[in-house]
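Trainee: The structure that follows is given in the form of structure tokens.
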Amino acid sequence: MNLVKLKCSHLIKTGKNLENYRYILISAARNEAQYIEKTINSVINQTVLPLKWLIVNDGSSDDTEKIVNEYSSKYDFIELVNWQGNPNRSFGSKARAINWGYSKLKHLNFDYVGILDADVSFQYNYYQKVLDEFKRTPQLGIAGGILFDRHDHGFVPQYTQTNWSVSGPIQMFTRKCFEDIEGYYPLKHGGIDAVAEVMARMKGWKVQAFENLHVFHHRRTGGVSGSKFRTSFKNGYKEYAFGTHPLFQFVKCIYRMKESPLIIGGIIRMAGFFWAFIKREPYTLPEDVTEYLKHEQVKRLKRIFSQKQAAYNNIFLLIK
């Protein structure tokens with residue numbers, strides 16, 4: 001009996017109804033040979049295995065394909081497909097690879113779809129716990145854990161508004177939500193995960209990250225100051241292209257000054273936003289999505305300022 005069958009037997013003994021945990025995984029992988037075995041081992045050791053895990057090899061030139069083929073020969077739920085998109089690594093290419101992969105699996109009988117980057121690792125019952133959260137909250141459309149990025153001195157939690165956002169490498173959708181937003185929206189400047197969240201909320205779905213579920217991102221992000229500065233600038237540029245409200249962007253950049261690189265990161269992010277404004281960068285999202293985003297951001301600003309005003313009023317009453 002192979003490991004997959006042993007896993008299923010274990011689930012039956014523990015009383016889990018596998019019909020309630022039907023999910024698929026899709027990974028777009030490009031040159032992930034250094035990390036992908038960590039991801040594969042995390043998945044094959046899950047208490048609830050996916051119905052199918054499609055790994056889309058997006059033009060890798062290293063041993064990614066070889067490594068995945070070794071595992072797919074042992075585990076029949078793992079499948080590798082080759083897809084040649086943009087010759088350069090990009091979020092647009094990732095979005096198209098994932099959407100193409102989904103079209104290959106949509107005939108299957110499943111209720112949830114997980115988008116999984118090929119450079120992360122997580123605990124043995126991660127997907128069971130995420131699926132349990134979906135069961136508890138029918139309006140939940142996108143869910144996941146907290147992503148910890150690799151830095152020089154270990155792993156650092158990625159900043160996430162947990163009641164608003166789920167990090168892109170680990171987003172999980174209900175099937176209905178994923179199809180409501182028609183998959184990922186390809187974008188030149190990135191942010192496909194953030195746009196998916198906006199479009200999901202626009203369709204009435206809830207987005208939630210859960211702090212008790214930790215996922216470790218092994219690819220080093222912003223390892224040198226130069227790349228951190230470039231990332232901050234690109235983020236600001238991208239946020240303008242989304243149609244972000246200028247006041248919301250200003251408040252966001254002030255808040256982000258406490259992140260590394262301290263102070264300067266927020267300033268550079270704002271500079272990227274204004275550079276896109278000066279260049280008259282066209283908005284990249286459909287008009288209705290841009291308008292919804294602006295409206296949502298204004299509501300958040302009003303809520304933030306009203307809470308601060310309430311706090312000031314309470315202080316005034318105490319010292320009156």
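Chain labels run A, B, ... following the order of the structure tokens; each chain numbers its residues from 1, and ligands are numbered from 1 in the order shown.
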Where in segment 101-162 of chain A does DSSP assign strand (DSSP E), given as a PyMOL selection string?

Mentor: chain A and resi 112-115+120-122+140-151+154-157

Trainee: Go ahead and dump the residues you just picked, N, CA and C atoms, as an mmCIF file, in the first residue's frame.

Mentor:
```
data_model
loop_
_atom_site.group_PDB
_atom_site.id
_atom_site.type_symbol
_atom_site.label_atom_id
_atom_site.label_comp_id
_atom_site.auth_asym_id
_atom_site.auth_seq_id
_atom_site.Cartn_x
_atom_site.Cartn_y
_atom_site.Cartn_z
ATOM 1 N N TYR A 112 -12.961 23.534 -3.431
ATOM 2 C CA TYR A 112 -11.980 24.558 -3.070
ATOM 3 C C TYR A 112 -10.767 24.452 -3.975
ATOM 4 N N VAL A 113 -10.126 25.598 -4.201
ATOM 5 C CA VAL A 113 -8.916 25.624 -5.020
ATOM 6 C C VAL A 113 -7.845 26.432 -4.302
ATOM 7 N N GLY A 114 -6.699 25.815 -4.094
ATOM 8 C CA GLY A 114 -5.584 26.481 -3.436
ATOM 9 C C GLY A 114 -4.521 26.876 -4.447
ATOM 10 N N ILE A 115 -4.081 28.115 -4.390
ATOM 11 C CA ILE A 115 -2.960 28.580 -5.203
ATOM 12 C C ILE A 115 -1.724 28.529 -4.308
ATOM 13 N N VAL A 120 7.460 27.358 -0.505
ATOM 14 C CA VAL A 120 6.963 27.511 0.865
ATOM 15 C C VAL A 120 6.860 26.147 1.540
ATOM 16 N N SER A 121 6.746 26.164 2.874
ATOM 17 C CA SER A 121 6.505 24.939 3.643
ATOM 18 C C SER A 121 5.550 25.267 4.782
ATOM 19 N N PHE A 122 4.866 24.229 5.310
ATOM 20 C CA PHE A 122 3.844 24.469 6.321
ATOM 21 C C PHE A 122 3.563 23.192 7.090
ATOM 22 N N LEU A 140 -17.010 33.018 3.497
ATOM 23 C CA LEU A 140 -15.567 33.109 3.308
ATOM 24 C C LEU A 140 -15.209 32.671 1.892
ATOM 25 N N GLY A 141 -14.596 33.573 1.133
ATOM 26 C CA GLY A 141 -14.234 33.268 -0.247
ATOM 27 C C GLY A 141 -12.759 33.008 -0.441
ATOM 28 N N ILE A 142 -11.911 33.730 0.326
ATOM 29 C CA ILE A 142 -10.457 33.554 0.250
ATOM 30 C C ILE A 142 -9.928 33.422 1.669
ATOM 31 N N ALA A 143 -9.098 32.393 1.908
ATOM 32 C CA ALA A 143 -8.557 32.159 3.249
ATOM 33 C C ALA A 143 -7.127 31.643 3.139
ATOM 34 N N GLY A 144 -6.444 31.657 4.283
ATOM 35 C CA GLY A 144 -5.073 31.147 4.342
ATOM 36 C C GLY A 144 -4.444 31.515 5.666
ATOM 37 N N GLY A 145 -3.177 31.170 5.815
ATOM 38 C CA GLY A 145 -2.461 31.472 7.043
ATOM 39 C C GLY A 145 -1.680 32.777 6.942
ATOM 40 N N ILE A 146 -0.662 32.879 7.797
ATOM 41 C CA ILE A 146 0.245 34.034 7.794
ATOM 42 C C ILE A 146 1.564 33.602 7.192
ATOM 43 N N LEU A 147 2.061 34.375 6.234
ATOM 44 C CA LEU A 147 3.310 34.054 5.553
ATOM 45 C C LEU A 147 4.486 34.668 6.296
ATOM 46 N N PHE A 148 5.507 33.848 6.545
ATOM 47 C CA PHE A 148 6.738 34.308 7.176
ATOM 48 C C PHE A 148 7.840 34.316 6.120
ATOM 49 N N ASP A 149 8.377 35.499 5.836
ATOM 50 C CA ASP A 149 9.427 35.643 4.829
ATOM 51 C C ASP A 149 10.797 35.358 5.417
ATOM 52 N N ARG A 150 11.634 34.747 4.607
ATOM 53 C CA ARG A 150 13.000 34.451 5.039
ATOM 54 C C ARG A 150 13.864 35.705 4.956
ATOM 55 N N HIS A 151 14.541 35.997 6.071
ATOM 56 C CA HIS A 151 15.483 37.110 6.114
ATOM 57 C C HIS A 151 16.803 36.611 6.694
ATOM 58 N N GLY A 154 16.489 34.672 10.181
ATOM 59 C CA GLY A 154 15.347 33.799 10.386
ATOM 60 C C GLY A 154 14.148 34.236 9.569
ATOM 61 N N PHE A 155 12.968 33.900 10.053
ATOM 62 C CA PHE A 155 11.727 34.201 9.337
ATOM 63 C C PHE A 155 10.969 35.322 10.050
ATOM 64 N N VAL A 156 10.474 36.249 9.243
ATOM 65 C CA VAL A 156 9.764 37.416 9.759
ATOM 66 C C VAL A 156 8.349 37.416 9.189
ATOM 67 N N PRO A 157 7.314 37.591 10.024
ATOM 68 C CA PRO A 157 5.944 37.577 9.495
ATOM 69 C C PRO A 157 5.712 38.713 8.508
#
```

Trainee: Using DSSP on the backbone, list every residue of segment 36-102 of chain A that comes out as alpha helix (DSSP H), and give them as a count of residues only.

Mentor: 30

Trainee: Between A:Lys238, A:Phe277, A:Gln128, A:Gln297, which one has atoms that come closest to Thr47 of chain A, using only C-alpha atoms?

Mentor: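 The shortest atom-to-atom distance to Thr47 of chain A comes from A:Gln128.
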
Trainee: Pick the closest to Gly243 of chain A from A:Trp275, A:Glu287, A:Met270, A:Phe210: which is it, counting only C-alpha atoms?

Mentor: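 Closest to Gly243 of chain A, using only C-alpha atoms: A:Glu287.
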
Trainee: Quick one: distance from atom CA of Asp117 of chain A to atom CA of Ala29 of chain A in Å, one decimal?

Mentor: 7.2 Å

Trainee: Can you work out which one of A:Trp164, A:Phe216, A:Tyr71, A:Trp53 has the shortest atom-to-atom distance to Lys104 of chain A, counting only C-alpha atoms?

Mentor: A:Trp53

Trainee: Considering only C-alpha atoms, state which residue in the set A:Tyr35, A:Lys203, A:Val48, A:Lys294 is at the smallest distance from Pro246 of chain A.

Mentor: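 The shortest atom-to-atom distance to Pro246 of chain A comes from A:Lys294.
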
Trainee: For Gln208 of chain A, work out the shell of residues within 12 Å, counting only C-alpha atoms and skipping chain neighbours fewer than 2 positions away, then give it as a CSV table (one decimal) with N, CA and C atoms, in the first residue's frame.

Mentor:
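Done, and the output landed in selection-v1.csv:
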```csv
chain,number,residue,atom,x,y,z
A,130,VAL,N,-7.5,25.1,7.3
A,130,VAL,CA,-8.0,26.1,6.4
A,130,VAL,C,-9.4,25.7,5.9
A,133,GLU,N,-12.1,26.3,8.4
A,133,GLU,CA,-12.5,27.7,8.5
A,133,GLU,C,-13.5,28.0,7.4
A,134,PHE,N,-13.4,27.5,6.2
A,134,PHE,CA,-14.4,27.6,5.2
A,134,PHE,C,-15.7,27.0,5.6
A,137,THR,N,-17.5,29.4,8.1
A,137,THR,CA,-18.0,30.7,7.6
A,137,THR,C,-18.4,30.6,6.1
A,139,GLN,N,-19.6,32.6,4.0
A,139,GLN,CA,-19.3,33.7,3.2
A,139,GLN,C,-17.8,33.9,2.9
A,140,LEU,N,-17.0,33.0,3.5
A,140,LEU,CA,-15.6,33.1,3.3
A,140,LEU,C,-15.2,32.7,1.9
A,141,GLY,N,-14.6,33.6,1.1
A,141,GLY,CA,-14.2,33.3,-0.2
A,141,GLY,C,-12.8,33.0,-0.4
A,142,ILE,N,-11.9,33.7,0.3
A,142,ILE,CA,-10.5,33.6,0.2
A,142,ILE,C,-9.9,33.4,1.7
A,143,ALA,N,-9.1,32.4,1.9
A,143,ALA,CA,-8.6,32.2,3.2
A,143,ALA,C,-7.1,31.6,3.1
A,144,GLY,N,-6.4,31.7,4.3
A,144,GLY,CA,-5.1,31.1,4.3
A,144,GLY,C,-4.4,31.5,5.7
A,145,GLY,N,-3.2,31.2,5.8
A,145,GLY,CA,-2.5,31.5,7.0
A,145,GLY,C,-1.7,32.8,6.9
A,146,ILE,N,-0.7,32.9,7.8
A,146,ILE,CA,0.2,34.0,7.8
A,146,ILE,C,1.6,33.6,7.2
A,160,THR,N,0.2,41.7,7.1
A,160,THR,CA,-1.1,41.4,6.5
A,160,THR,C,-2.2,41.9,7.4
A,161,GLN,N,-3.2,42.6,6.8
A,161,GLN,CA,-4.4,42.9,7.4
A,161,GLN,C,-5.3,41.7,7.4
A,162,THR,N,-5.3,40.9,8.6
A,162,THR,CA,-5.8,39.6,8.6
A,162,THR,C,-7.3,39.5,8.2
A,163,ASN,N,-8.0,40.6,8.5
A,163,ASN,CA,-9.5,40.6,8.1
A,163,ASN,C,-9.7,41.2,6.8
A,164,TRP,N,-8.7,41.3,6.0
A,164,TRP,CA,-8.7,42.0,4.7
A,164,TRP,C,-8.0,41.3,3.6
A,165,SER,N,-6.9,40.5,4.0
A,165,SER,CA,-6.0,40.0,3.0
A,165,SER,C,-5.4,38.7,3.3
A,166,VAL,N,-5.0,37.9,2.3
A,166,VAL,CA,-4.3,36.7,2.4
A,166,VAL,C,-3.1,36.7,1.5
A,167,SER,N,-1.9,36.4,1.9
A,167,SER,CA,-0.7,36.5,1.1
A,167,SER,C,-0.8,35.7,-0.2
A,170,ILE,N,-0.2,31.7,-0.8
A,170,ILE,CA,-1.0,30.7,-0.1
A,170,ILE,C,-2.5,31.0,-0.1
A,171,GLN,N,-2.9,31.7,-1.1
A,171,GLN,CA,-4.4,32.0,-1.2
A,171,GLN,C,-5.2,30.7,-1.5
A,172,MET,N,-6.3,30.5,-0.8
A,172,MET,CA,-7.2,29.4,-1.1
A,172,MET,C,-8.6,30.0,-1.2
A,173,PHE,N,-9.3,29.5,-2.3
A,173,PHE,CA,-10.6,30.0,-2.6
A,173,PHE,C,-11.6,29.0,-2.6
A,197,GLU,N,-8.4,39.7,-4.3
A,197,GLU,CA,-9.2,40.0,-3.0
A,197,GLU,C,-10.2,41.1,-3.2
A,200,ALA,N,-13.1,39.8,-5.1
A,200,ALA,CA,-13.9,38.9,-4.3
A,200,ALA,C,-14.8,39.7,-3.4
A,201,ARG,N,-14.2,40.7,-2.7
A,201,ARG,CA,-15.0,41.5,-1.8
A,201,ARG,C,-16.1,42.2,-2.6
A,205,TRP,N,-17.8,38.4,-1.2
A,205,TRP,CA,-17.1,37.4,-0.4
A,205,TRP,C,-16.3,38.0,0.7
A,206,LYS,N,-16.0,37.2,1.7
A,206,LYS,CA,-15.2,37.7,2.8
A,206,LYS,C,-13.8,37.1,2.6
A,210,PHE,N,-5.6,33.7,8.9
A,210,PHE,CA,-5.7,33.1,10.3
A,210,PHE,C,-4.3,33.1,10.9
A,211,GLU,N,-4.1,33.8,12.0
A,211,GLU,CA,-2.8,34.0,12.7
A,211,GLU,C,-2.2,32.7,13.3
A,213,LEU,N,-2.1,29.9,11.8
A,213,LEU,CA,-1.5,29.0,10.7
A,213,LEU,C,-0.3,29.7,10.1
```

Trainee: Tell me, in Å to one decimal, how far atom CA of Leu301 of chain A is from atom CA of Gly236 of chain A.

Mentor: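 Result for atom CA of Leu301 of chain A versus atom CA of Gly236 of chain A: 18.3 Å, one decimal.
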
Trainee: Find the distance between atom CA of Tyr237 of chain A and atom CA of Pro186 of chain A and write it in Å to one decimal.

Mentor: 16.3 Å

Trainee: Just want the 7 Å neighbourhood of Thr39 of chain A, counted on only C-alpha atoms, with same-chain residues fewer than 3 positions away dropped. Output as number ranges by chain.

Mentor: A: 36, 42-43, 118-121

Trainee: Once you have the residues from the selection above, write them out as an mmCIF file, in the first residue's frame, restricted to N, CA and C atoms.

Mentor:
```
data_model
loop_
_atom_site.group_PDB
_atom_site.id
_atom_site.type_symbol
_atom_site.label_atom_id
_atom_site.label_comp_id
_atom_site.auth_asym_id
_atom_site.auth_seq_id
_atom_site.Cartn_x
_atom_site.Cartn_y
_atom_site.Cartn_z
ATOM 1 N N ILE A 36 11.488 23.551 -4.148
ATOM 2 C CA ILE A 36 10.213 22.882 -4.396
ATOM 3 C C ILE A 36 10.031 21.588 -3.605
ATOM 4 N N SER A 42 5.672 19.121 2.230
ATOM 5 C CA SER A 42 4.596 19.673 3.048
ATOM 6 C C SER A 42 3.235 19.170 2.576
ATOM 7 N N VAL A 43 3.060 19.079 1.258
ATOM 8 C CA VAL A 43 1.762 18.657 0.716
ATOM 9 C C VAL A 43 1.528 17.167 0.918
ATOM 10 N N ALA A 118 5.724 27.530 -5.114
ATOM 11 C CA ALA A 118 6.578 26.342 -4.991
ATOM 12 C C ALA A 118 7.830 26.603 -4.170
ATOM 13 N N ASP A 119 7.760 27.557 -3.233
ATOM 14 C CA ASP A 119 8.923 27.850 -2.397
ATOM 15 C C ASP A 119 8.516 28.065 -0.937
ATOM 16 N N VAL A 120 7.460 27.358 -0.505
ATOM 17 C CA VAL A 120 6.963 27.511 0.865
ATOM 18 C C VAL A 120 6.860 26.147 1.540
ATOM 19 N N SER A 121 6.746 26.164 2.874
ATOM 20 C CA SER A 121 6.505 24.939 3.643
ATOM 21 C C SER A 121 5.550 25.267 4.782
#
```

Trainee: Can you pull out every residue within 9 Å of Asn45 of chain A, counting only C-alpha atoms, but drop anything in the same chain fewer than 4 positions away, and send it as a count of residues only?

Mentor: 7

Trainee: Would you list the contacts of segment 253-260 of chain A as a ChimeraX atom specification, taking every protein, DNA or RNA residue within 12 Å and counting only C-alpha atoms, but skipping same-chain residues closer than 2 positions in sequence?

Mentor: /A:151,156-160,221-225,227-229,231-233,235-236,239,246-251,262-273

Trainee: Pick out the closest residue to Ile44 of chain A from this set: A:Ala194, A:Leu285, A:Ile26, A:Ile78. Count only C-alpha atoms.

Mentor: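 Under the stated criterion, the closest residue is A:Ile78.
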
Trainee: If you count only C-alpha atoms, which residues fall within 8 Å of Ala196 of chain A, apart from same-chain ones fewer than 5 positions away, as a count of residues only?

Mentor: 4

Trainee: Which of these residues is nearest to Arg96 of chain A, using only C-alpha atoms: A:Ala276, A:Val215, A:Ile304, A:Val56?

Mentor: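 The closest residue to Arg96 of chain A is A:Val56.
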